[in-house]
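So this block is work_21.pdb, PDB, C-alpha atoms, pLDDT in the B column:
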ATOM      1  CA  MET A   1      15.858  37.923   3.722  1.00 55.00           C
ATOM      2  CA  ALA A   2      14.353  37.042   0.331  1.00 57.00           C
ATOM      3  CA  SER A   3      17.029  34.412  -0.270  1.00 57.00           C
ATOM      4  CA  SER A   4      16.270  32.821   3.130  1.00 52.00           C
ATOM      5  CA  PHE A   5      12.583  32.640   2.233  1.00 48.00           C
ATOM      6  CA  LEU A   6      13.446  31.156  -1.176  1.00 49.00           C
ATOM      7  CA  LEU A   7      15.723  28.566   0.443  1.00 47.00           C
ATOM      8  CA  LEU A   8      13.008  27.572   2.933  1.00 41.00           C
ATOM      9  CA  THR A   9      10.408  27.278   0.166  1.00 52.00           C
ATOM     10  CA  ILE A  10      12.696  25.105  -1.963  1.00 52.00           C
ATOM     11  CA  LEU A  11      13.569  22.829   0.966  1.00 45.00           C
ATOM     12  CA  LEU A  12       9.897  22.385   1.856  1.00 42.00           C
ATOM     13  CA  CYS A  13       9.054  21.507  -1.768  1.00 47.00           C
ATOM     14  CA  ILE A  14      11.872  18.971  -1.923  1.00 50.00           C
ATOM     15  CA  SER A  15      10.806  17.382   1.368  1.00 45.00           C
ATOM     16  CA  PHE A  16       7.185  17.126   0.222  1.00 45.00           C
ATOM     17  CA  LEU A  17       8.137  15.563  -3.104  1.00 44.00           C
ATOM     18  CA  LEU A  18      10.469  13.013  -1.529  1.00 46.00           C
ATOM     19  CA  LEU A  19       7.893  11.999   1.049  1.00 44.00           C
ATOM     20  CA  SER A  20       5.121  11.662  -1.519  1.00 44.00           C
ATOM     21  CA  VAL A  21       7.264   9.294  -3.609  1.00 48.00           C
ATOM     22  CA  ASN A  22       7.641   6.957  -0.624  1.00 62.00           C
ATOM     23  CA  ALA A  23       4.104   5.805   0.210  1.00 77.00           C
ATOM     24  CA  ASN A  24       1.616   4.235  -2.167  1.00 92.00           C
ATOM     25  CA  GLU A  25      -2.063   3.416  -2.035  1.00 93.00           C
ATOM     26  CA  VAL A  26      -2.481  -0.156  -3.284  1.00 93.00           C
ATOM     27  CA  THR A  27      -5.827  -1.601  -4.350  1.00 93.00           C
ATOM     28  CA  VAL A  28      -6.069  -5.209  -3.184  1.00 94.00           C
ATOM     29  CA  GLY A  29      -6.532  -7.500  -6.152  1.00 86.00           C
ATOM     30  CA  GLY A  30      -5.010  -5.145  -8.718  1.00 80.00           C
ATOM     31  CA  LYS A  31      -7.118  -4.011 -11.661  1.00 72.00           C
ATOM     32  CA  SER A  32     -10.290  -5.815 -10.566  1.00 71.00           C
ATOM     33  CA  GLY A  33     -10.015  -4.238  -7.117  1.00 78.00           C
ATOM     34  CA  ASP A  34     -12.650  -6.476  -5.553  1.00 89.00           C
ATOM     35  CA  TRP A  35     -12.286  -8.125  -2.162  1.00 95.00           C
ATOM     36  CA  LYS A  36     -14.373 -11.222  -2.883  1.00 93.00           C
ATOM     37  CA  ILE A  37     -14.046 -14.975  -3.335  1.00 93.00           C
ATOM     38  CA  PRO A  38     -11.590 -15.508  -6.201  1.00 91.00           C
ATOM     39  CA  PRO A  39     -13.360 -16.418  -9.481  1.00 86.00           C
ATOM     40  CA  SER A  40     -11.302 -19.580  -9.951  1.00 82.00           C
ATOM     41  CA  SER A  41      -8.864 -21.798  -8.124  1.00 76.00           C
ATOM     42  CA  SER A  42      -6.139 -20.599 -10.504  1.00 75.00           C
ATOM     43  CA  TYR A  43      -6.225 -17.105  -8.940  1.00 81.00           C
ATOM     44  CA  SER A  44      -5.437 -16.118  -5.376  1.00 89.00           C
ATOM     45  CA  PHE A  45      -4.836 -12.861  -3.566  1.00 93.00           C
ATOM     46  CA  ASN A  46      -1.505 -14.278  -2.408  1.00 93.00           C
ATOM     47  CA  GLU A  47      -0.324 -14.778  -6.009  1.00 92.00           C
ATOM     48  CA  TRP A  48      -1.277 -11.162  -6.680  1.00 92.00           C
ATOM     49  CA  ALA A  49       0.587  -9.974  -3.558  1.00 93.00           C
ATOM     50  CA  GLN A  50       3.746 -11.876  -4.513  1.00 92.00           C
ATOM     51  CA  LYS A  51       4.020  -9.732  -7.657  1.00 91.00           C
ATOM     52  CA  ALA A  52       4.262  -6.523  -5.628  1.00 90.00           C
ATOM     53  CA  ARG A  53       6.501  -4.980  -3.009  1.00 92.00           C
ATOM     54  CA  PHE A  54       4.726  -3.519   0.007  1.00 95.00           C
ATOM     55  CA  LYS A  55       6.554  -0.942   2.112  1.00 96.00           C
ATOM     56  CA  VAL A  56       5.989   0.521   5.555  1.00 96.00           C
ATOM     57  CA  GLY A  57       3.783   3.565   4.951  1.00 96.00           C
ATOM     58  CA  ASP A  58       1.834   2.041   2.042  1.00 97.00           C
ATOM     59  CA  THR A  59      -1.947   1.805   2.359  1.00 97.00           C
ATOM     60  CA  LEU A  60      -3.995  -1.202   1.260  1.00 97.00           C
ATOM     61  CA  VAL A  61      -7.461  -0.487  -0.132  1.00 96.00           C
ATOM     62  CA  PHE A  62     -10.088  -3.236   0.132  1.00 96.00           C
ATOM     63  CA  SER A  63     -13.274  -2.675  -1.925  1.00 95.00           C
ATOM     64  CA  TYR A  64     -16.352  -4.784  -1.135  1.00 95.00           C
ATOM     65  CA  GLU A  65     -20.069  -4.454  -0.500  1.00 93.00           C
ATOM     66  CA  ALA A  66     -20.597  -3.036   2.989  1.00 94.00           C
ATOM     67  CA  GLY A  67     -22.871  -5.170   5.143  1.00 93.00           C
ATOM     68  CA  LYS A  68     -22.300  -8.261   2.995  1.00 95.00           C
ATOM     69  CA  ASP A  69     -18.599  -8.805   3.666  1.00 96.00           C
ATOM     70  CA  SER A  70     -15.769  -7.518   5.823  1.00 97.00           C
ATOM     71  CA  VAL A  71     -11.992  -7.535   6.211  1.00 98.00           C
ATOM     72  CA  LEU A  72     -10.328  -9.000   9.270  1.00 98.00           C
ATOM     73  CA  GLN A  73      -6.673  -8.487  10.085  1.00 98.00           C
ATOM     74  CA  VAL A  74      -5.603 -11.653  11.873  1.00 98.00           C
ATOM     75  CA  THR A  75      -2.655 -13.620  13.233  1.00 98.00           C
ATOM     76  CA  ARG A  76      -0.858 -16.257  11.175  1.00 98.00           C
ATOM     77  CA  GLU A  77      -2.668 -19.034  13.045  1.00 98.00           C
ATOM     78  CA  ALA A  78      -6.095 -17.476  12.452  1.00 98.00           C
ATOM     79  CA  TYR A  79      -5.181 -16.986   8.787  1.00 98.00           C
ATOM     80  CA  GLU A  80      -4.204 -20.634   8.343  1.00 97.00           C
ATOM     81  CA  LYS A  81      -7.349 -21.912  10.107  1.00 98.00           C
ATOM     82  CA  CYS A  82      -9.715 -19.221   8.714  1.00 97.00           C
ATOM     83  CA  ASN A  83     -10.616 -18.358  12.303  1.00 98.00           C
ATOM     84  CA  THR A  84     -12.732 -15.186  12.480  1.00 97.00           C
ATOM     85  CA  THR A  85     -13.345 -15.140  16.250  1.00 96.00           C
ATOM     86  CA  SER A  86     -10.545 -12.879  17.558  1.00 95.00           C
ATOM     87  CA  PRO A  87      -9.204 -10.574  14.833  1.00 98.00           C
ATOM     88  CA  LYS A  88      -6.543  -7.960  15.497  1.00 98.00           C
ATOM     89  CA  ALA A  89      -8.771  -5.510  13.601  1.00 98.00           C
ATOM     90  CA  SER A  90     -12.168  -5.695  11.883  1.00 98.00           C
ATOM     91  CA  TYR A  91     -13.409  -3.489   9.024  1.00 98.00           C
ATOM     92  CA  THR A  92     -16.940  -3.367   7.595  1.00 97.00           C
ATOM     93  CA  ASP A  93     -17.246  -0.035   5.710  1.00 96.00           C
ATOM     94  CA  GLY A  94     -16.915  -1.392   2.143  1.00 95.00           C
ATOM     95  CA  ASN A  95     -13.924   0.786   1.285  1.00 95.00           C
ATOM     96  CA  THR A  96     -11.368  -0.174   3.885  1.00 96.00           C
ATOM     97  CA  LYS A  97      -7.967   1.499   3.972  1.00 97.00           C
ATOM     98  CA  VAL A  98      -5.285  -0.132   6.099  1.00 97.00           C
ATOM     99  CA  LYS A  99      -1.950   1.610   6.560  1.00 97.00           C
ATOM    100  CA  LEU A 100       1.002  -0.776   6.746  1.00 97.00           C
ATOM    101  CA  GLU A 101       2.873   0.523   9.782  1.00 96.00           C
ATOM    102  CA  GLN A 102       5.558  -2.082  10.503  1.00 96.00           C
ATOM    103  CA  PRO A 103       7.708  -4.542   8.547  1.00 97.00           C
ATOM    104  CA  GLY A 104       6.939  -8.254   8.490  1.00 97.00           C
ATOM    105  CA  PRO A 105       4.106 -10.552   7.473  1.00 97.00           C
ATOM    106  CA  VAL A 106       0.499  -9.295   7.578  1.00 98.00           C
ATOM    107  CA  TYR A 107      -2.594 -11.486   7.294  1.00 98.00           C
ATOM    108  CA  PHE A 108      -6.156 -10.664   6.204  1.00 98.00           C
ATOM    109  CA  ILE A 109      -9.233 -12.857   5.795  1.00 98.00           C
ATOM    110  CA  SER A 110     -12.861 -12.284   4.911  1.00 97.00           C
ATOM    111  CA  GLY A 111     -15.190 -12.054   7.889  1.00 97.00           C
ATOM    112  CA  LYS A 112     -18.048 -13.592   5.909  1.00 97.00           C
ATOM    113  CA  GLU A 113     -18.782 -17.213   6.845  1.00 95.00           C
ATOM    114  CA  GLY A 114     -17.123 -19.673   4.443  1.00 96.00           C
ATOM    115  CA  HIS A 115     -15.383 -17.046   2.276  1.00 96.00           C
ATOM    116  CA  CYS A 116     -11.890 -17.558   3.722  1.00 97.00           C
ATOM    117  CA  GLN A 117     -12.132 -21.310   3.120  1.00 96.00           C
ATOM    118  CA  LYS A 118     -12.920 -20.520  -0.541  1.00 95.00           C
ATOM    119  CA  GLY A 119      -9.744 -18.435  -0.934  1.00 95.00           C
ATOM    120  CA  GLN A 120     -10.750 -14.939   0.170  1.00 96.00           C
ATOM    121  CA  LYS A 121      -7.643 -14.333   2.223  1.00 97.00           C
ATOM    122  CA  LEU A 122      -4.419 -12.405   1.813  1.00 97.00           C
ATOM    123  CA  ARG A 123      -0.903 -12.858   3.150  1.00 97.00           C
ATOM    124  CA  LEU A 124       1.784 -10.306   2.344  1.00 96.00           C
ATOM    125  CA  VAL A 125       5.163  -9.179   3.599  1.00 97.00           C
ATOM    126  CA  VAL A 126       5.869  -5.532   4.398  1.00 97.00           C
ATOM    127  CA  VAL A 127       9.431  -4.279   3.961  1.00 96.00           C
ATOM    128  CA  THR A 128      11.188  -1.210   5.307  1.00 92.00           C
ATOM    129  CA  PRO A 129      12.041   1.388   2.639  1.00 82.00           C
ATOM    130  CA  ARG A 130      15.811   1.591   2.059  1.00 74.00           C
ATOM    131  CA  SER A 131      15.851   5.392   2.100  1.00 53.00           C
ATOM    132  CA  SER A 132      13.570   8.370   1.688  1.00 46.00           C
ATOM    133  CA  ALA A 133      14.397   8.405  -2.021  1.00 45.00           C
ATOM    134  CA  SER A 134      13.711   4.702  -2.593  1.00 42.00           C
ATOM    135  CA  SER A 135      11.748   3.633  -5.619  1.00 44.00           C
ATOM    136  CA  PRO A 136       8.015   2.963  -5.274  1.00 47.00           C
ATOM    137  CA  ALA A 137       6.593  -0.533  -5.118  1.00 49.00           C
ATOM    138  CA  PRO A 138       6.178  -2.065  -8.552  1.00 45.00           C
ATOM    139  CA  SER A 139       2.547  -2.653  -9.388  1.00 45.00           C
ATOM    140  CA  PRO A 140       1.389  -6.218  -9.911  1.00 45.00           C
ATOM    141  CA  SER A 141       1.215  -7.371 -13.513  1.00 41.00           C
ATOM    142  CA  ASP A 142      -2.547  -7.826 -13.527  1.00 42.00           C
ATOM    143  CA  GLY A 143      -3.325  -4.144 -13.236  1.00 40.00           C
ATOM    144  CA  PRO A 144      -2.466  -0.709 -11.937  1.00 37.00           C
ATOM    145  CA  ALA A 145      -2.740  -1.351  -8.223  1.00 42.00           C
ATOM    146  CA  VAL A 146      -0.474   1.489  -7.116  1.00 41.00           C
ATOM    147  CA  ALA A 147      -1.960   4.960  -6.913  1.00 39.00           C
ATOM    148  CA  PRO A 148      -1.509   7.782  -7.534  1.00 38.00           C
ATOM    149  CA  SER A 149       0.113   7.263 -10.886  1.00 34.00           C
ATOM    150  CA  SER A 150       1.276  10.841 -11.311  1.00 37.00           C
ATOM    151  CA  GLY A 151       4.722   9.797 -12.463  1.00 41.00           C
ATOM    152  CA  ASP A 152       7.551   9.477  -9.998  1.00 47.00           C
ATOM    153  CA  ALA A 153      10.039  10.380 -12.743  1.00 41.00           C
ATOM    154  CA  ALA A 154       8.311  13.753 -13.058  1.00 43.00           C
ATOM    155  CA  LYS A 155       8.630  14.290  -9.311  1.00 50.00           C
ATOM    156  CA  LEU A 156      12.320  13.451  -9.403  1.00 48.00           C
ATOM    157  CA  THR A 157      12.807  15.791 -12.348  1.00 46.00           C
ATOM    158  CA  SER A 158      11.056  18.558 -10.395  1.00 51.00           C
ATOM    159  CA  VAL A 159      13.330  18.020  -7.406  1.00 54.00           C
ATOM    160  CA  VAL A 160      16.451  18.088  -9.579  1.00 51.00           C
ATOM    161  CA  GLY A 161      15.170  21.236 -11.309  1.00 52.00           C
ATOM    162  CA  LEU A 162      14.539  22.969  -7.998  1.00 53.00           C
ATOM    163  CA  VAL A 163      17.983  22.068  -6.682  1.00 55.00           C
ATOM    164  CA  LEU A 164      19.697  23.248  -9.870  1.00 49.00           C
ATOM    165  CA  GLY A 165      17.665  26.452  -9.854  1.00 50.00           C
ATOM    166  CA  PHE A 166      18.607  27.105  -6.255  1.00 55.00           C
ATOM    167  CA  LEU A 167      22.307  26.469  -6.942  1.00 50.00           C
ATOM    168  CA  THR A 168      22.182  28.836  -9.904  1.00 48.00           C
ATOM    169  CA  LEU A 169      20.718  31.602  -7.692  1.00 52.00           C
ATOM    170  CA  ILE A 170      23.418  31.086  -5.078  1.00 61.00           C
ATOM    171  CA  LEU A 171      26.266  31.079  -7.554  1.00 55.00           C
ATOM    172  CA  LEU A 172      25.097  34.206  -9.408  1.00 58.00           C
TER
END

Represent the structure contained in this file as structure tokens.
Amino acid sequence: MASSFLLLTILLCISFLLLSVNANEVTVGGKSGDWKIPPSSSYSFNEWAQKARFKVGDTLVFSYEAGKDSVLQVTREAYEKCNTTSPKASYTDGNTKVKLEQPGPVYFISGKEGHCQKGQKLRLVVVTPRSSASSPAPSPSDGPAVAPSSGDAAKLTSVVGLVLGFLTLILL
């Protein structure tokens, strides 16, 4: 009875650790973390996004001043034309979290008049994780955009330790 409870506990811990390694919370824009018109023409949200790998299950975090800007999830055509009239989704809370639920391209633009035309737009591609133990998305080079940063190596070490501990109990 006690060994069954121990086995169940270990399996639940392993499942939790493997699932938590899979999804990341990614701050749009990296270290600066601001959803606003880029400071110069040499920077774009798309360049930032190309340095990262976004997976199904990841969550994008857009930070901006509520009431003065917004985030619109749009089609490719609306993205290219900066058309704000019929978004797929509209967010205005200032700390928008969007879960990436399916693979493929995803498009976002600012809902504030003229901002998209000045570069406040984002195009990224979402991929399907290879397996439940796949590595997390690398963070873009301009800052720690992936959170939490609790150390995936430590999680893997914990899982290996639990499995080895369990095997030792069974074999003894």

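Of the residues under consideration (A:Arg76, A:His115, A:Lys68, A:Lys36), A:Arg76 shows the shortest atom-to-atom contact distance to Lys88 (chain A) when counting all atoms listed in the file.
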
Practice prompt. Tell me, as a ChimeraX atom specification, which residues lie within 6 Å of Phe62 (chain A), counting only C-alpha atoms; anything in the same chain fewer than 3 positions away does not count.
Written response: /A:28,35,95-96

Item to complete: Could you jot down the CA of Ser110 (chain A) to CA of Leu122 (chain A) separation for me, Å, one decimal place?
Response: 9.0 Å

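What the PyMOL selection byres ((chain A and resi 73) around 9) matches in the given file is Val71, Leu72, Val74, Thr75, Tyr79, Pro87, Lys88, Ala89, Ser90, Tyr91, Val106, Tyr107, Phe108, Ile109 and Ser110 of chain A.
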
Using only C-alpha atoms, can you list as a PDB file with C-alpha atoms, keeping the file's coordinate frame the residues within 12 Å of (-20.7, -16.0, 10.2)?
ATOM      1  CA  LYS A  68     -22.300  -8.261   2.995  1.00 95.00           C
ATOM      2  CA  ASP A  69     -18.599  -8.805   3.666  1.00 96.00           C
ATOM      3  CA  SER A  70     -15.769  -7.518   5.823  1.00 97.00           C
ATOM      4  CA  CYS A  82      -9.715 -19.221   8.714  1.00 97.00           C
ATOM      5  CA  ASN A  83     -10.616 -18.358  12.303  1.00 98.00           C
ATOM      6  CA  THR A  84     -12.732 -15.186  12.480  1.00 97.00           C
ATOM      7  CA  THR A  85     -13.345 -15.140  16.250  1.00 96.00           C
ATOM      8  CA  SER A 110     -12.861 -12.284   4.911  1.00 97.00           C
ATOM      9  CA  GLY A 111     -15.190 -12.054   7.889  1.00 97.00           C
ATOM     10  CA  LYS A 112     -18.048 -13.592   5.909  1.00 97.00           C
ATOM     11  CA  GLU A 113     -18.782 -17.213   6.845  1.00 95.00           C
ATOM     12  CA  GLY A 114     -17.123 -19.673   4.443  1.00 96.00           C
ATOM     13  CA  HIS A 115     -15.383 -17.046   2.276  1.00 96.00           C
ATOM     14  CA  CYS A 116     -11.890 -17.558   3.722  1.00 97.00           C
TER      15      CYS A 116
END

Applying 9 Å and only C-alpha atoms, which residues near Leu60 (chain A) remain after dropping the ones on its own chain fewer than 5 positions away? List them as a CSV table (one decimal) with C-alpha atoms, in the frame of the given file.
chain,number,residue,atom,x,y,z
A,24,ASN,CA,1.6,4.2,-2.2
A,25,GLU,CA,-2.1,3.4,-2.0
A,26,VAL,CA,-2.5,-0.2,-3.3
A,27,THR,CA,-5.8,-1.6,-4.4
A,28,VAL,CA,-6.1,-5.2,-3.2
A,96,THR,CA,-11.4,-0.2,3.9
A,97,LYS,CA,-8.0,1.5,4.0
A,98,VAL,CA,-5.3,-0.1,6.1
A,99,LYS,CA,-2.0,1.6,6.6
A,100,LEU,CA,1.0,-0.8,6.7

Worksheet, complete the sentence: One decimal place gives the CA of Arg123 (chain A)-CA of Ser86 (chain A) separation as 17.3 Å

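Interatomic distance, CA of Arg130 (chain A) against CA of Lys55 (chain A): 9.6 Å.
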
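Taken over the whole file, the PyMOL selection byres ((chain A and resi 57) around 9) covers exactly A:Asn22, A:Ala23, A:Asn24, A:Phe54, A:Lys55, A:Val56, A:Asp58, A:Thr59, A:Lys99, A:Leu100, A:Glu101, A:Gln102, A:Thr128, A:Pro129.
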
Discussion item. When you count all atoms listed in the file, which of these residues is closest to Gly29 (chain A): A:Thr92, A:Gln117, A:Ser41, A:Ser63?
Written reply: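 The shortest atom-to-atom distance to Gly29 (chain A) comes from A:Ser63.
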
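If all atoms listed in the file are the atoms counted, then among A:Lys51, A:Ala78, A:Ser40, A:Gly30 the closest residue to Val125 (chain A) is A:Lys51.
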
Worksheet entry | Neighbour list for Ile37 (chain A) as a list of chain:residue names, cut-off 7 Å, only C-alpha atoms, skip fewer than 5 positions in-chain | A:His115, A:Lys118, A:Gly119, A:Gln120

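Taken over the shown file, the PyMOL selection byres ((chain A and resi 104) around 6) identifies Pro103, Pro105, Val125 and Val126 of chain A.
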